Amino acid sequence: MPSSPTRRTLLRSAAAASALTTAAALPSGPASASAAPGPTRGTELILLGTSGGPVPMHGRAGIASALVVDGRAYLVDCGPGTFGRYAQAWLTAAQLTAVFVTHLHSDHLSDLYALLWLRFGGFQPLENPVHVYGPGSAGTLPAVWPKGRSVRTVCPSEPAPGIEDLIDGHIAATAYDINVRMRSEGWPDIRTLVRAHDVRFPLPKGAGPRKLMAPPMEPFEVMRDDRVRVTAVLVEHPPVFPSFAFRFDTADGSVVFSGDTAPCGNVARLARGADILVHEVMDRDTLALGGLRPAQLRHMEISHTDATQVGALAERAGVGTLVLSHLVPGATNVVPDSTWHAKASKGYSGRVIVGNDLARLPVGSRR
């Protein structure tokens, strides 16, 4: 008689079935989903979630990407659904090396702690420390926009915590569960494995939460190890400050993530000569038809990049491939991929890929 399946077997089977179902629904080709683990050598970009948020969108999870270098996973942002998409991409807790948060909007970090907290123990324990890099405190909140609008202050002190305080607060709030599972199931202590770092950098003249969001600046180094060097710049995403774009340079090539931004010279500077630029886009025409008020549309225009604007920026930077992500609206049944592709191709001579969840793109061709 065959033995009964173990909990570990059932969990692995469920993850595999979920990945296979998702893969079958996505297009094949150079940027396709895979129902099997990726290579252990080389660099691969995996689009975990490709929708802007925080409103849930049909067919796409919230924004998150993974750059896998020689089998180690470096994540950029952790929007809604990242926890599940990470497993569907056949990525394991043992692979998770670092997470980079572009800015502290909810749709870019809602699953950050869930990924660390729910995955740090059990049948897939973390084997090495996971470093989390993100904005430090802005020091003060931005001015109310539009001017004259009233706003209710929830907390009289109006705090503006950075990523270190955010992680510390999450751990403090979930201490009971952490302590119980350490005692009853032998889970490792998350407090020794998760290491948060406020990104510190030379502040350009005139930059600040109530000043310029992204004055011209040279890229600065955030982190480097034996696989990757990560640099960053400020980007134009008012009223959020600081808000970053990140560049990853590996032995195989370079990948740049714009984060949320209006068309920004700093992004073009950071992405100069990169193999892949993953850039956010919106479709203003569709948003206007959706009934957004003029003030809301204006906010989108000064904080995000219309699909018709991104091609010229990519051409200016000289990148080989432009990948569209953080699509707004992100629902697959609202704006066809062909429309995104046509608009983003204006003024750009390279390859355009419309991001879909779990798409995988090899970077370079190192043997």
# chains A, B, ... in the order shown; residues from 1 in each chain; ligands from 1
$ select_by_dssp --residues "segment 99-279 of chain A" --states "strand (DSSP E)" --output "VMD selection string"
chain A and resid 99 to 100 130 to 135 194 to 199 220 to 224 229 to 234 244 to 249 254 to 257 276 to 279
$ write_last_selection --atoms "C-alpha atoms" --output "PDB file, in the first residue's frame"
ATOM      1  CA  VAL A  99      14.640  43.157  -1.465  1.00  0.00           C
ATOM      2  CA  PHE A 100      14.765  46.710  -2.845  1.00  0.00           C
ATOM      3  CA  VAL A 130      17.770  38.708   3.799  1.00  0.00           C
ATOM      4  CA  HIS A 131      18.677  42.364   3.376  1.00  0.00           C
ATOM      5  CA  VAL A 132      15.905  44.902   2.736  1.00  0.00           C
ATOM      6  CA  TYR A 133      16.858  48.262   1.213  1.00  0.00           C
ATOM      7  CA  GLY A 134      14.440  51.152   0.938  1.00  0.00           C
ATOM      8  CA  PRO A 135      13.841  54.843   1.580  1.00  0.00           C
ATOM      9  CA  VAL A 194      15.881  40.078   8.233  1.00  0.00           C
ATOM     10  CA  ARG A 195      18.153  43.110   8.078  1.00  0.00           C
ATOM     11  CA  ALA A 196      16.636  46.402   6.959  1.00  0.00           C
ATOM     12  CA  HIS A 197      18.699  49.304   5.628  1.00  0.00           C
ATOM     13  CA  ASP A 198      17.563  52.875   5.087  1.00  0.00           C
ATOM     14  CA  VAL A 199      19.172  53.945   1.806  1.00  0.00           C
ATOM     15  CA  PHE A 220      24.988  56.425  -6.226  1.00  0.00           C
ATOM     16  CA  GLU A 221      25.822  52.938  -4.989  1.00  0.00           C
ATOM     17  CA  VAL A 222      23.311  51.185  -2.744  1.00  0.00           C
ATOM     18  CA  MET A 223      24.813  47.710  -2.413  1.00  0.00           C
ATOM     19  CA  ARG A 224      27.247  45.281  -4.002  1.00  0.00           C
ATOM     20  CA  ARG A 229      26.205  45.975  -8.034  1.00  0.00           C
ATOM     21  CA  VAL A 230      23.128  48.090  -7.316  1.00  0.00           C
ATOM     22  CA  THR A 231      22.973  51.839  -7.941  1.00  0.00           C
ATOM     23  CA  ALA A 232      20.089  54.293  -7.679  1.00  0.00           C
ATOM     24  CA  VAL A 233      18.792  57.795  -8.402  1.00  0.00           C
ATOM     25  CA  LEU A 234      15.880  59.891  -7.244  1.00  0.00           C
ATOM     26  CA  PHE A 244      14.122  55.602  -6.275  1.00  0.00           C
ATOM     27  CA  ALA A 245      14.947  53.888  -9.536  1.00  0.00           C
ATOM     28  CA  PHE A 246      17.449  51.011  -9.235  1.00  0.00           C
ATOM     29  CA  ARG A 247      20.058  49.632 -11.640  1.00  0.00           C
ATOM     30  CA  PHE A 248      21.511  46.124 -11.320  1.00  0.00           C
ATOM     31  CA  ASP A 249      24.818  45.384 -13.051  1.00  0.00           C
ATOM     32  CA  SER A 254      22.324  45.440 -16.750  1.00  0.00           C
ATOM     33  CA  VAL A 255      18.670  45.791 -15.751  1.00  0.00           C
ATOM     34  CA  VAL A 256      17.066  49.063 -14.604  1.00  0.00           C
ATOM     35  CA  PHE A 257      13.772  49.443 -12.710  1.00  0.00           C
ATOM     36  CA  ILE A 276      16.732  46.053 -20.132  1.00  0.00           C
ATOM     37  CA  LEU A 277      14.710  48.964 -18.778  1.00  0.00           C
ATOM     38  CA  VAL A 278      11.612  47.972 -16.779  1.00  0.00           C
ATOM     39  CA  HIS A 279       9.511  51.121 -16.793  1.00  0.00           C
TER      40      HIS A 279
END
$ closest_atom_pairs --of "segment 198-231 of chain A" --to "segment 136-142 of chain A" --cutoff "12 Å" --atoms "only C-alpha atoms" --output "tab-separated table"
residue	atom	partner	partner_atom	distance
A:Asp198	CA	A:Gly136	CA	4.4
A:Val199	CA	A:Gly136	CA	5.9
A:Arg200	CA	A:Gly136	CA	7.2
A:Phe201	CA	A:Gly136	CA	10.0
A:Leu203	CA	A:Ala138	CA	11.5
A:Ala207	CA	A:Ala138	CA	10.7
A:Gly208	CA	A:Ala138	CA	7.6
A:Pro209	CA	A:Pro142	CA	5.2
A:Arg210	CA	A:Pro142	CA	5.3
A:Lys211	CA	A:Pro142	CA	8.9
A:Leu212	CA	A:Pro142	CA	11.0
A:Met213	CA	A:Pro142	CA	10.5
$ residues_around --residues "segment 315-323 of chain A" --least-positions-apart "3" --cutoff "6 Å" --atoms "only C-alpha atoms" --output "list in words"
Ala268, Ala271, Arg272, Gly273, Ala274, Asp275, Ile276, Leu277, Val278, Ala312, Tyr348, Gly350, Arg351, Val352, Ile353 and Val354 of chain A
$ closest_residue --among "A:Thr332, A:Thr92, A:Thr43, A:Thr339" --to "Thr308 of chain A" --atoms "only C-alpha atoms"
A:Thr339
$ residues_around --residues "Pro204 of chain A" --least-positions-apart "3" --cutoff "8 Å" --atoms "only C-alpha atoms" --output "CSV table (one decimal) with N, CA, C and O atoms, in the first residue's frame"
chain,number,residue,atom,x,y,z
A,207,ALA,N,16.7,69.3,-3.1
A,207,ALA,CA,15.8,68.1,-3.0
A,207,ALA,C,15.2,68.0,-1.7
A,207,ALA,O,15.8,68.3,-0.7
A,215,PRO,N,15.9,66.4,-8.6
A,215,PRO,CA,16.8,67.3,-9.3
A,215,PRO,C,17.9,66.4,-10.0
A,215,PRO,O,18.2,65.3,-9.5
A,216,PRO,N,18.5,66.9,-11.1
A,216,PRO,CA,19.5,66.1,-11.7
A,216,PRO,C,20.6,65.6,-10.8
A,216,PRO,O,21.1,66.4,-9.9
A,217,MET,N,21.0,64.4,-10.9
A,217,MET,CA,22.0,63.8,-10.0
A,217,MET,C,22.7,62.6,-10.7
A,217,MET,O,22.2,62.0,-11.6
$ atom_distance --atom1 "atom CA of Gly79 of chain A" --atom2 "atom CA of Ala93 of chain A"
17.6 Å
$ residues_around --residues "Asp283 of chain A" --least-positions-apart "2" --cutoff "6 Å" --atoms "only C-alpha atoms" --output "PDB file with N, CA, C and O atoms, in the first residue's frame"
ATOM      1  N   ASP A 285      -5.488  57.999 -21.792  1.00  0.00           N
ATOM      2  CA  ASP A 285      -6.756  58.017 -22.524  1.00  0.00           C
ATOM      3  C   ASP A 285      -7.801  57.149 -21.838  1.00  0.00           C
ATOM      4  O   ASP A 285      -8.964  57.551 -21.678  1.00  0.00           O
ATOM      5  N   THR A 286      -7.393  55.957 -21.421  1.00  0.00           N
ATOM      6  CA  THR A 286      -8.334  55.053 -20.744  1.00  0.00           C
ATOM      7  C   THR A 286      -8.736  55.594 -19.387  1.00  0.00           C
ATOM      8  O   THR A 286      -9.900  55.496 -18.991  1.00  0.00           O
ATOM      9  N   ASP A 306       2.975  58.357 -19.251  1.00  0.00           N
ATOM     10  CA  ASP A 306       2.044  57.825 -20.233  1.00  0.00           C
ATOM     11  C   ASP A 306       2.802  56.911 -21.193  1.00  0.00           C
ATOM     12  O   ASP A 306       3.977  57.118 -21.492  1.00  0.00           O
ATOM     13  N   ALA A 307       2.104  55.900 -21.709  1.00  0.00           N
ATOM     14  CA  ALA A 307       2.750  54.935 -22.603  1.00  0.00           C
ATOM     15  C   ALA A 307       3.342  55.593 -23.836  1.00  0.00           C
ATOM     16  O   ALA A 307       4.340  55.109 -24.387  1.00  0.00           O
TER      17      ALA A 307
END
$ closest_residue --among "A:Tyr86, A:Gly71, A:Gly162, A:Ala64" --to "Ser110 of chain A" --atoms "only C-alpha atoms"
A:Ala64
$ atom_distance --atom1 "atom CA of Arg293 of chain A" --atom2 "atom CA of Ala160 of chain A"
28.2 Å
$ closest_residue --among "A:Cys264, A:Pro37, A:Met282, A:Gln296" --to "Trp90 of chain A" --atoms "only C-alpha atoms"
A:Pro37
$ atom_distance --atom1 "atom CA of Asp357 of chain A" --atom2 "atom CA of Arg60 of chain A"
6.1 Å
$ closest_residue --among "A:Thr97, A:Asn266, A:Ser345, A:Ser106" --to "Leu193 of chain A" --atoms "only C-alpha atoms"
A:Thr97
$ select_by_dssp --residues "segment 122-331 of chain A" --states "alpha helix (DSSP H)" --output "PyMOL selection string"
chain A and resi 163-173+175-185+265-270+284-289+294-303+307-317
$ closest_residue --among "A:Gly49, A:Pro56, A:Pro161, A:Pro39" --to "Ala73 of chain A" --atoms "only C-alpha atoms"
A:Pro39
$ closest_residue --among "A:Ser338, A:Thr102, A:Asn333, A:Thr250" --to "Leu45 of chain A" --atoms "only C-alpha atoms"
A:Thr250
$ residues_around --residues "segment 181-183 of chain A" --least-positions-apart "3" --cutoff "12 Å" --atoms "only C-alpha atoms" --output "PDB file with N, CA, C and O atoms, in the first residue's frame"
ATOM      1  N   TRP A 117       7.797  37.096   6.629  1.00  0.00           N
ATOM      2  CA  TRP A 117       7.205  36.522   7.837  1.00  0.00           C
ATOM      3  C   TRP A 117       6.639  35.131   7.580  1.00  0.00           C
ATOM      4  O   TRP A 117       6.924  34.174   8.308  1.00  0.00           O
ATOM      5  N   LEU A 118       5.855  34.954   6.525  1.00  0.00           N
ATOM      6  CA  LEU A 118       5.204  33.679   6.276  1.00  0.00           C
ATOM      7  C   LEU A 118       6.138  32.648   5.676  1.00  0.00           C
ATOM      8  O   LEU A 118       5.847  31.460   5.700  1.00  0.00           O
ATOM      9  N   PHE A 120       9.645  32.541   6.323  1.00  0.00           N
ATOM     10  CA  PHE A 120      10.956  32.398   6.949  1.00  0.00           C
ATOM     11  C   PHE A 120      11.115  31.075   7.682  1.00  0.00           C
ATOM     12  O   PHE A 120      12.206  30.698   8.068  1.00  0.00           O
ATOM     13  N   GLY A 121      10.058  30.323   7.875  1.00  0.00           N
ATOM     14  CA  GLY A 121      10.182  29.059   8.604  1.00  0.00           C
ATOM     15  C   GLY A 121       9.401  27.956   7.927  1.00  0.00           C
ATOM     16  O   GLY A 121       9.078  28.019   6.753  1.00  0.00           O
ATOM     17  N   GLY A 122       9.121  26.881   8.666  1.00  0.00           N
ATOM     18  CA  GLY A 122       8.345  25.794   8.115  1.00  0.00           C
ATOM     19  C   GLY A 122       9.129  24.961   7.124  1.00  0.00           C
ATOM     20  O   GLY A 122      10.300  24.672   7.320  1.00  0.00           O
ATOM     21  N   PRO A 125      12.608  27.129   5.182  1.00  0.00           N
ATOM     22  CA  PRO A 125      13.207  28.161   6.038  1.00  0.00           C
ATOM     23  C   PRO A 125      14.257  28.971   5.289  1.00  0.00           C
ATOM     24  O   PRO A 125      14.908  28.485   4.378  1.00  0.00           O
ATOM     25  N   THR A 174       4.032  41.366  15.343  1.00  0.00           N
ATOM     26  CA  THR A 174       3.788  39.935  15.138  1.00  0.00           C
ATOM     27  C   THR A 174       4.633  39.073  16.076  1.00  0.00           C
ATOM     28  O   THR A 174       4.834  37.882  15.832  1.00  0.00           O
ATOM     29  N   ALA A 175       5.104  39.664  17.159  1.00  0.00           N
ATOM     30  CA  ALA A 175       6.011  38.959  18.068  1.00  0.00           C
ATOM     31  C   ALA A 175       5.386  37.693  18.643  1.00  0.00           C
ATOM     32  O   ALA A 175       6.089  36.691  18.839  1.00  0.00           O
ATOM     33  N   TYR A 176       4.088  37.714  18.936  1.00  0.00           N
ATOM     34  CA  TYR A 176       3.467  36.525  19.516  1.00  0.00           C
ATOM     35  C   TYR A 176       3.600  35.332  18.570  1.00  0.00           C
ATOM     36  O   TYR A 176       4.032  34.252  18.966  1.00  0.00           O
ATOM     37  N   ASP A 177       3.206  35.510  17.318  1.00  0.00           N
ATOM     38  CA  ASP A 177       3.290  34.414  16.356  1.00  0.00           C
ATOM     39  C   ASP A 177       4.735  33.945  16.182  1.00  0.00           C
ATOM     40  O   ASP A 177       5.003  32.739  16.148  1.00  0.00           O
ATOM     41  N   ILE A 178       5.657  34.873  16.064  1.00  0.00           N
ATOM     42  CA  ILE A 178       7.074  34.509  15.884  1.00  0.00           C
ATOM     43  C   ILE A 178       7.547  33.660  17.056  1.00  0.00           C
ATOM     44  O   ILE A 178       8.160  32.597  16.888  1.00  0.00           O
ATOM     45  N   GLY A 186       9.960  24.985  15.914  1.00  0.00           N
ATOM     46  CA  GLY A 186      11.390  25.083  15.665  1.00  0.00           C
ATOM     47  C   GLY A 186      11.780  26.067  14.571  1.00  0.00           C
ATOM     48  O   GLY A 186      12.845  25.939  13.965  1.00  0.00           O
ATOM     49  N   TRP A 187      10.910  27.047  14.277  1.00  0.00           N
ATOM     50  CA  TRP A 187      11.240  28.030  13.250  1.00  0.00           C
ATOM     51  C   TRP A 187      12.420  28.885  13.692  1.00  0.00           C
ATOM     52  O   TRP A 187      12.601  29.144  14.888  1.00  0.00           O
ATOM     53  N   PRO A 188      13.218  29.357  12.749  1.00  0.00           N
ATOM     54  CA  PRO A 188      14.320  30.257  13.113  1.00  0.00           C
ATOM     55  C   PRO A 188      13.786  31.617  13.543  1.00  0.00           C
ATOM     56  O   PRO A 188      12.619  31.948  13.293  1.00  0.00           O
ATOM     57  N   ASP A 189      14.620  32.387  14.162  1.00  0.00           N
ATOM     58  CA  ASP A 189      14.231  33.699  14.674  1.00  0.00           C
ATOM     59  C   ASP A 189      14.365  34.729  13.560  1.00  0.00           C
ATOM     60  O   ASP A 189      15.465  35.056  13.121  1.00  0.00           O
ATOM     61  N   ILE A 190      13.247  35.254  13.101  1.00  0.00           N
ATOM     62  CA  ILE A 190      13.247  36.214  12.006  1.00  0.00           C
ATOM     63  C   ILE A 190      14.072  37.456  12.338  1.00  0.00           C
ATOM     64  O   ILE A 190      14.615  38.121  11.452  1.00  0.00           O
ATOM     65  N   ARG A 191      14.185  37.754  13.623  1.00  0.00           N
ATOM     66  CA  ARG A 191      14.919  38.962  14.023  1.00  0.00           C
ATOM     67  C   ARG A 191      16.403  38.859  13.724  1.00  0.00           C
ATOM     68  O   ARG A 191      17.088  39.872  13.647  1.00  0.00           O
TER      69      ARG A 191
END
